[in-house]
Amino acid sequence: MSQSFTEENYLKAIYKLSRRSDKGVSTNALAERMETKASSVTDMLKKLAAKKLVNYEKYQGVTLSKKGQQIAVDIIRKHRLWEVFLLEHLGFSGEEVHQVAEELEHINSETLIDRLDKFLGYPKYDPHGGPIPDSKGVFPEPKRVKLDELEVGRKTKVMGITEHSDAFLSHLKKLGLELGTNFHLKERFDFDRSVEIELNGKTVQLSYDVAKNIFVSHNS
């Protein structure tokens with residue numbers, strides 16, 4: 001039984017929200033994520049439950065069934081592979097790839113995606129640093145930490161981000177902190193947990209709100 005684009009988007013949203021907690025995803029949290037009313041979310045959850053893609057009980061939150069999780073992970077894989085392709089081979093910017101990949105992720109061709117993966121050289125991370133699961137749904141082992149958790153004095157590089165708003169991406173671009181950028185963490189200030197880094201020979205200060213949303217390598 002196939003799923004609509006909207007149903008697939010719900011499954012992906014439930015998967016991502018469920019990674020933050022061991023408990024079921026609340027209707028309100030899902031409504032906020034999907035930018036819709038709680039009543040609309042409830043109607044969709046009933047449809048997904050009827051297809052046995054989620055486990056849903058009123059007031060108890062929702063979790064994905066095994067089949068629902070497989071579909072969600074597959075969508076994430078397609079989305080992130082398309083982002084790599086769009087950035088590296090079609091000249092889209094880091095700010096543009098997410099929205100275009102939102103549409104391409106719904107193409108239902110396993111052969112196409114497997115060939116795309118092979119063509120790209122089986123990448124482990126998308127342009128924003130998101131891990132890409134393989135054809136069996138296995139994610140690569142992360143070797144990264146948040147910048148606000150890194151030890152002072154370490155030389156490192158940007159591995160990914162957790163905030164994907166246009167404003168945040170534009171801010172990082174202005175700072176020169178794009179994926180793969182190398183820098184040196186010089187100091188962390190206890191007062192507000194902002195950090196000072198050395199980037200291309202210059203001193204740059206980053207707020208805690210910025211630092212907590214940047215993944216960096218902890219093996220550099």
# chains A, B, ... in the order shown; residues from 1 in each chain; ligands from 1

call {"tool": "residues_around", "arguments": {"residues": "Lys58 in chain A", "least_positions_apart": "3", "cutoff": "12 Å", "atoms": "only C-alpha atoms", "output": "PDB file with C-alpha atoms, in the first residue's frame"}}
result
ATOM      1  CA  GLY A  24       5.766   8.824  22.159  1.00  0.00           C
ATOM      2  CA  VAL A  25       5.531  12.013  20.101  1.00  0.00           C
ATOM      3  CA  SER A  26       2.716  14.271  21.282  1.00  0.00           C
ATOM      4  CA  THR A  27       0.039  15.583  18.945  1.00  0.00           C
ATOM      5  CA  ALA A  38      -3.809  19.438  16.349  1.00  0.00           C
ATOM      6  CA  SER A  39      -7.150  18.207  14.997  1.00  0.00           C
ATOM      7  CA  VAL A  41      -2.752  15.777  13.107  1.00  0.00           C
ATOM      8  CA  THR A  42      -5.192  13.497  14.924  1.00  0.00           C
ATOM      9  CA  ASP A  43      -7.020  12.745  11.671  1.00  0.00           C
ATOM     10  CA  LEU A  45      -2.565   9.661  12.791  1.00  0.00           C
ATOM     11  CA  LYS A  46      -5.768   7.665  12.561  1.00  0.00           C
ATOM     12  CA  ALA A  49      -2.629   3.732  12.284  1.00  0.00           C
ATOM     13  CA  ASN A  55       1.136   2.991  17.013  1.00  0.00           C
ATOM     14  CA  GLY A  61       1.509  10.003  21.929  1.00  0.00           C
ATOM     15  CA  VAL A  62       2.495   8.214  18.740  1.00  0.00           C
ATOM     16  CA  THR A  63       5.379   5.917  17.785  1.00  0.00           C
TER      17      THR A  63
END

call {"tool": "residues_around", "arguments": {"residues": "range 115-118 of chain A", "least_positions_apart": "5", "cutoff": "10 Å", "atoms": "only C-alpha atoms", "output": "NGL selection string"}}
result
:A and (77-78 or 81-82 or 84-85 or 110 or 123-124 or 132 or 134-135)

call {"tool": "closest_residue", "arguments": {"among": "A:Val152, A:Leu17, A:Leu104, A:Lys37", "to": "Arg193 in chain A", "atoms": "only C-alpha atoms"}}
result
A:Val152

call {"tool": "atom_distance", "arguments": {"atom1": "CA of Thr156 in chain A", "atom2": "CA of His218 in chain A"}}
result
6.8 Å

call {"tool": "residues_around", "arguments": {"residues": "Ser93 in chain A", "least_positions_apart": "5", "cutoff": "12 Å", "atoms": "only C-alpha atoms", "output": "PyMOL selection string"}}
result
chain A and resi 83-88+98-100+127-128+166+169-170+173+178

call {"tool": "closest_atom_pairs", "arguments": {"of": "range 26-75 of chain A", "to": "range 137-144 of chain A", "cutoff": "9 Å", "atoms": "only C-alpha atoms", "output": "JSON lines"}}
result
{"residue": "A:Gln70", "atom": "CA", "partner": "A:Gly137", "partner_atom": "CA", "distance": 7.2}
{"residue": "A:Val73", "atom": "CA", "partner": "A:Gly137", "partner_atom": "CA", "distance": 6.2}
{"residue": "A:Asp74", "atom": "CA", "partner": "A:Gly137", "partner_atom": "CA", "distance": 6.9}

call {"tool": "write_last_selection", "arguments": {"atoms": "C-alpha atoms", "output": "compact mmCIF listing (two decimals), in the first residue's frame"}}
result
# COMPACT_ATOMS: atom_id res chain seq x y z
CA GLN A 70 11.52 1.73 7.49
CA VAL A 73 14.42 6.17 7.17
CA ASP A 74 14.12 5.50 3.44

call {"tool": "select_by_dssp", "arguments": {"residues": "chain A", "states": "alpha helix (DSSP H)", "output": "PyMOL selection string"}}
result
chain A and resi 5-18+27-34+38-50+66-89+97-104+110-119+166-175+208-211

call {"tool": "closest_residue", "arguments": {"among": "A:Gln69, A:Ser40, A:Asn9, A:Ser217", "to": "Val54 in chain A", "atoms": "only C-alpha atoms"}}
result
A:Gln69

call {"tool": "closest_residue", "arguments": {"among": "A:Thr111, A:Gly160, A:Asp190, A:Leu147", "to": "Asp126 in chain A", "atoms": "only C-alpha atoms"}}
result
A:Gly160

call {"tool": "closest_residue", "arguments": {"among": "A:Glu32, A:Glu103, A:Glu196, A:Ser65", "to": "Tyr15 in chain A", "atoms": "only C-alpha atoms"}}
result
A:Ser65

call {"tool": "closest_residue", "arguments": {"among": "A:Tyr208, A:Glu102, A:Gly94, A:Leu53", "to": "Leu179 in chain A", "atoms": "only C-alpha atoms"}}
result
A:Gly94

call {"tool": "select_by_dssp", "arguments": {"residues": "range 1-209 of chain A", "states": "strand (DSSP E or B)", "output": "PyMOL selection string"}}
result
chain A and resi 25+54-56+62-64+125+131+144-146+155-161+182-188+195-199+202-206

call {"tool": "atom_distance", "arguments": {"atom1": "CA of Glu35 in chain A", "atom2": "CA of Ile113 in chain A"}}
result
28.9 Å

call {"tool": "residues_around", "arguments": {"residues": "Leu175 in chain A", "least_positions_apart": "2", "cutoff": "12 Å", "atoms": "only C-alpha atoms", "output": "list in words"}}
result
Phe168, Leu169, Ser170, His171, Leu172, Lys173, Leu177, Glu178, Thr181, Phe183, Ile197, Glu198, Leu199, Asn200, Lys202, Thr203, Val204, Gln205, Leu206 and Val210 of chain A

call {"tool": "write_last_selection", "arguments": {"atoms": "N, CA and C atoms", "output": "PDB file, in the first residue's frame"}}
result
ATOM      1  N   PHE A 168      19.741  31.176   9.704  1.00  0.00           N
ATOM      2  CA  PHE A 168      20.916  30.558  10.320  1.00  0.00           C
ATOM      3  C   PHE A 168      21.958  30.199   9.260  1.00  0.00           C
ATOM      4  N   LEU A 169      21.506  29.639   8.147  1.00  0.00           N
ATOM      5  CA  LEU A 169      22.430  29.262   7.070  1.00  0.00           C
ATOM      6  C   LEU A 169      23.132  30.491   6.500  1.00  0.00           C
ATOM      7  N   SER A 170      22.390  31.574   6.351  1.00  0.00           N
ATOM      8  CA  SER A 170      22.984  32.813   5.835  1.00  0.00           C
ATOM      9  C   SER A 170      24.004  33.376   6.819  1.00  0.00           C
ATOM     10  N   HIS A 171      23.690  33.271   8.105  1.00  0.00           N
ATOM     11  CA  HIS A 171      24.611  33.758   9.139  1.00  0.00           C
ATOM     12  C   HIS A 171      25.929  32.983   9.107  1.00  0.00           C
ATOM     13  N   LEU A 172      25.841  31.651   8.996  1.00  0.00           N
ATOM     14  CA  LEU A 172      27.055  30.841   8.937  1.00  0.00           C
ATOM     15  C   LEU A 172      27.868  31.154   7.685  1.00  0.00           C
ATOM     16  N   LYS A 173      27.172  31.379   6.576  1.00  0.00           N
ATOM     17  CA  LYS A 173      27.868  31.686   5.324  1.00  0.00           C
ATOM     18  C   LYS A 173      28.636  32.996   5.446  1.00  0.00           C
ATOM     19  N   LEU A 177      31.644  29.842   8.001  1.00  0.00           N
ATOM     20  CA  LEU A 177      31.583  28.541   8.678  1.00  0.00           C
ATOM     21  C   LEU A 177      30.700  27.568   7.885  1.00  0.00           C
ATOM     22  N   GLU A 178      31.191  27.101   6.762  1.00  0.00           N
ATOM     23  CA  GLU A 178      30.463  26.147   5.952  1.00  0.00           C
ATOM     24  C   GLU A 178      30.981  24.732   6.207  1.00  0.00           C
ATOM     25  N   THR A 181      34.761  23.458   6.915  1.00  0.00           N
ATOM     26  CA  THR A 181      35.631  24.572   7.310  1.00  0.00           C
ATOM     27  C   THR A 181      36.437  24.222   8.563  1.00  0.00           C
ATOM     28  N   PHE A 183      38.835  25.241  11.840  1.00  0.00           N
ATOM     29  CA  PHE A 183      39.059  26.375  12.735  1.00  0.00           C
ATOM     30  C   PHE A 183      39.605  25.873  14.066  1.00  0.00           C
ATOM     31  N   ILE A 197      36.653  31.648  18.375  1.00  0.00           N
ATOM     32  CA  ILE A 197      37.391  30.741  17.507  1.00  0.00           C
ATOM     33  C   ILE A 197      38.358  31.530  16.633  1.00  0.00           C
ATOM     34  N   GLU A 198      39.367  30.826  16.147  1.00  0.00           N
ATOM     35  CA  GLU A 198      40.285  31.404  15.167  1.00  0.00           C
ATOM     36  C   GLU A 198      39.944  30.790  13.819  1.00  0.00           C
ATOM     37  N   LEU A 199      39.553  31.638  12.879  1.00  0.00           N
ATOM     38  CA  LEU A 199      39.101  31.182  11.575  1.00  0.00           C
ATOM     39  C   LEU A 199      39.816  31.973  10.490  1.00  0.00           C
ATOM     40  N   ASN A 200      40.607  31.263   9.690  1.00  0.00           N
ATOM     41  CA  ASN A 200      41.366  31.910   8.609  1.00  0.00           C
ATOM     42  C   ASN A 200      42.212  33.072   9.120  1.00  0.00           C
ATOM     43  N   LYS A 202      41.696  34.942  11.654  1.00  0.00           N
ATOM     44  CA  LYS A 202      40.945  35.988  12.334  1.00  0.00           C
ATOM     45  C   LYS A 202      40.218  35.442  13.553  1.00  0.00           C
ATOM     46  N   THR A 203      40.000  36.294  14.547  1.00  0.00           N
ATOM     47  CA  THR A 203      39.254  35.910  15.740  1.00  0.00           C
ATOM     48  C   THR A 203      37.774  36.190  15.520  1.00  0.00           C
ATOM     49  N   VAL A 204      36.947  35.163  15.761  1.00  0.00           N
ATOM     50  CA  VAL A 204      35.502  35.286  15.568  1.00  0.00           C
ATOM     51  C   VAL A 204      34.794  34.814  16.821  1.00  0.00           C
ATOM     52  N   GLN A 205      33.809  35.574  17.290  1.00  0.00           N
ATOM     53  CA  GLN A 205      33.032  35.171  18.456  1.00  0.00           C
ATOM     54  C   GLN A 205      31.679  34.620  18.010  1.00  0.00           C
ATOM     55  N   LEU A 206      31.275  33.500  18.630  1.00  0.00           N
ATOM     56  CA  LEU A 206      30.006  32.862  18.316  1.00  0.00           C
ATOM     57  C   LEU A 206      29.165  32.764  19.583  1.00  0.00           C
ATOM     58  N   VAL A 210      24.462  29.814  18.482  1.00  0.00           N
ATOM     59  CA  VAL A 210      25.117  29.361  17.253  1.00  0.00           C
ATOM     60  C   VAL A 210      25.925  28.102  17.536  1.00  0.00           C
TER      61      VAL A 210
END

call {"tool": "residues_around", "arguments": {"residues": "Asp148 in chain A", "least_positions_apart": "4", "cutoff": "9 Å", "atoms": "only C-alpha atoms", "output": "PyMOL selection string"}}
result
chain A and resi 188+193-195+208+210-215

call {"tool": "write_last_selection", "arguments": {"atoms": "C-alpha atoms", "output": "PDB file, in the first residue's frame"}}
result
ATOM      1  CA  ARG A 188      34.640  29.480  25.992  1.00  0.00           C
ATOM      2  CA  ARG A 193      28.790  29.999  27.039  1.00  0.00           C
ATOM      3  CA  SER A 194      29.692  31.928  23.902  1.00  0.00           C
ATOM      4  CA  VAL A 195      32.916  30.846  22.229  1.00  0.00           C
ATOM      5  CA  TYR A 208      25.855  29.901  22.513  1.00  0.00           C
ATOM      6  CA  VAL A 210      25.117  29.361  17.253  1.00  0.00           C
ATOM      7  CA  ALA A 211      27.627  27.015  18.900  1.00  0.00           C
ATOM      8  CA  LYS A 212      24.983  24.572  20.132  1.00  0.00           C
ATOM      9  CA  ASN A 213      23.702  24.110  16.586  1.00  0.00           C
ATOM     10  CA  ILE A 214      27.039  23.232  14.964  1.00  0.00           C
ATOM     11  CA  PHE A 215      28.480  19.725  14.842  1.00  0.00           C
TER      12      PHE A 215
END

call {"tool": "decode", "arguments": {"residues": "range 45-61 of chain A", "atoms": "N, CA and C atoms", "output": "PDB file, in the first residue's frame"}}
result
ATOM      1  N   LEU A  45      -3.072  10.784  11.998  1.00  0.00           N
ATOM      2  CA  LEU A  45      -2.565   9.661  12.791  1.00  0.00           C
ATOM      3  C   LEU A  45      -3.516   8.468  12.734  1.00  0.00           C
ATOM      4  N   LYS A  46      -4.793   8.739  12.684  1.00  0.00           N
ATOM      5  CA  LYS A  46      -5.768   7.665  12.561  1.00  0.00           C
ATOM      6  C   LYS A  46      -5.608   6.938  11.220  1.00  0.00           C
ATOM      7  N   LYS A  47      -5.339   7.712  10.160  1.00  0.00           N
ATOM      8  CA  LYS A  47      -5.128   7.114   8.845  1.00  0.00           C
ATOM      9  C   LYS A  47      -3.863   6.252   8.836  1.00  0.00           C
ATOM     10  N   LEU A  48      -2.803   6.779   9.440  1.00  0.00           N
ATOM     11  CA  LEU A  48      -1.537   6.046   9.477  1.00  0.00           C
ATOM     12  C   LEU A  48      -1.650   4.792  10.344  1.00  0.00           C
ATOM     13  N   ALA A  49      -2.421   4.892  11.420  1.00  0.00           N
ATOM     14  CA  ALA A  49      -2.629   3.732  12.284  1.00  0.00           C
ATOM     15  C   ALA A  49      -3.407   2.652  11.544  1.00  0.00           C
ATOM     16  N   ALA A  50      -4.382   3.072  10.722  1.00  0.00           N
ATOM     17  CA  ALA A  50      -5.177   2.114   9.939  1.00  0.00           C
ATOM     18  C   ALA A  50      -4.303   1.362   8.941  1.00  0.00           C
ATOM     19  N   LYS A  51      -3.235   2.018   8.494  1.00  0.00           N
ATOM     20  CA  LYS A  51      -2.287   1.384   7.567  1.00  0.00           C
ATOM     21  C   LYS A  51      -1.178   0.639   8.312  1.00  0.00           C
ATOM     22  N   LYS A  52      -1.276   0.647   9.640  1.00  0.00           N
ATOM     23  CA  LYS A  52      -0.302  -0.026  10.513  1.00  0.00           C
ATOM     24  C   LYS A  52       1.107   0.563  10.365  1.00  0.00           C
ATOM     25  N   LEU A  53       1.163   1.860  10.164  1.00  0.00           N
ATOM     26  CA  LEU A  53       2.448   2.548  10.048  1.00  0.00           C
ATOM     27  C   LEU A  53       2.846   3.243  11.343  1.00  0.00           C
ATOM     28  N   VAL A  54       1.878   3.459  12.229  1.00  0.00           N
ATOM     29  CA  VAL A  54       2.164   4.051  13.535  1.00  0.00           C
ATOM     30  C   VAL A  54       1.380   3.319  14.613  1.00  0.00           C
ATOM     31  N   ASN A  55       1.858   3.478  15.836  1.00  0.00           N
ATOM     32  CA  ASN A  55       1.136   2.991  17.013  1.00  0.00           C
ATOM     33  C   ASN A  55       0.573   4.227  17.706  1.00  0.00           C
ATOM     34  N   TYR A  56      -0.730   4.370  17.649  1.00  0.00           N
ATOM     35  CA  TYR A  56      -1.338   5.593  18.156  1.00  0.00           C
ATOM     36  C   TYR A  56      -2.473   5.295  19.121  1.00  0.00           C
ATOM     37  N   GLU A  57      -2.383   5.939  20.283  1.00  0.00           N
ATOM     38  CA  GLU A  57      -3.437   5.858  21.284  1.00  0.00           C
ATOM     39  C   GLU A  57      -3.657   7.259  21.817  1.00  0.00           C
ATOM     40  N   LYS A  58      -4.873   7.723  21.807  1.00  0.00           N
ATOM     41  CA  LYS A  58      -5.185   9.087  22.217  1.00  0.00           C
ATOM     42  C   LYS A  58      -4.608   9.416  23.587  1.00  0.00           C
ATOM     43  N   TYR A  59      -3.980  10.564  23.680  1.00  0.00           N
ATOM     44  CA  TYR A  59      -3.357  11.087  24.905  1.00  0.00           C
ATOM     45  C   TYR A  59      -2.076  10.340  25.302  1.00  0.00           C
ATOM     46  N   GLN A  60      -1.666   9.346  24.513  1.00  0.00           N
ATOM     47  CA  GLN A  60      -0.464   8.578  24.845  1.00  0.00           C
ATOM     48  C   GLN A  60       0.692   8.862  23.887  1.00  0.00           C
ATOM     49  N   GLY A  61       0.460   9.722  22.906  1.00  0.00           N
ATOM     50  CA  GLY A  61       1.509  10.003  21.929  1.00  0.00           C
ATOM     51  C   GLY A  61       1.537   8.947  20.842  1.00  0.00           C
TER      52      GLY A  61
END
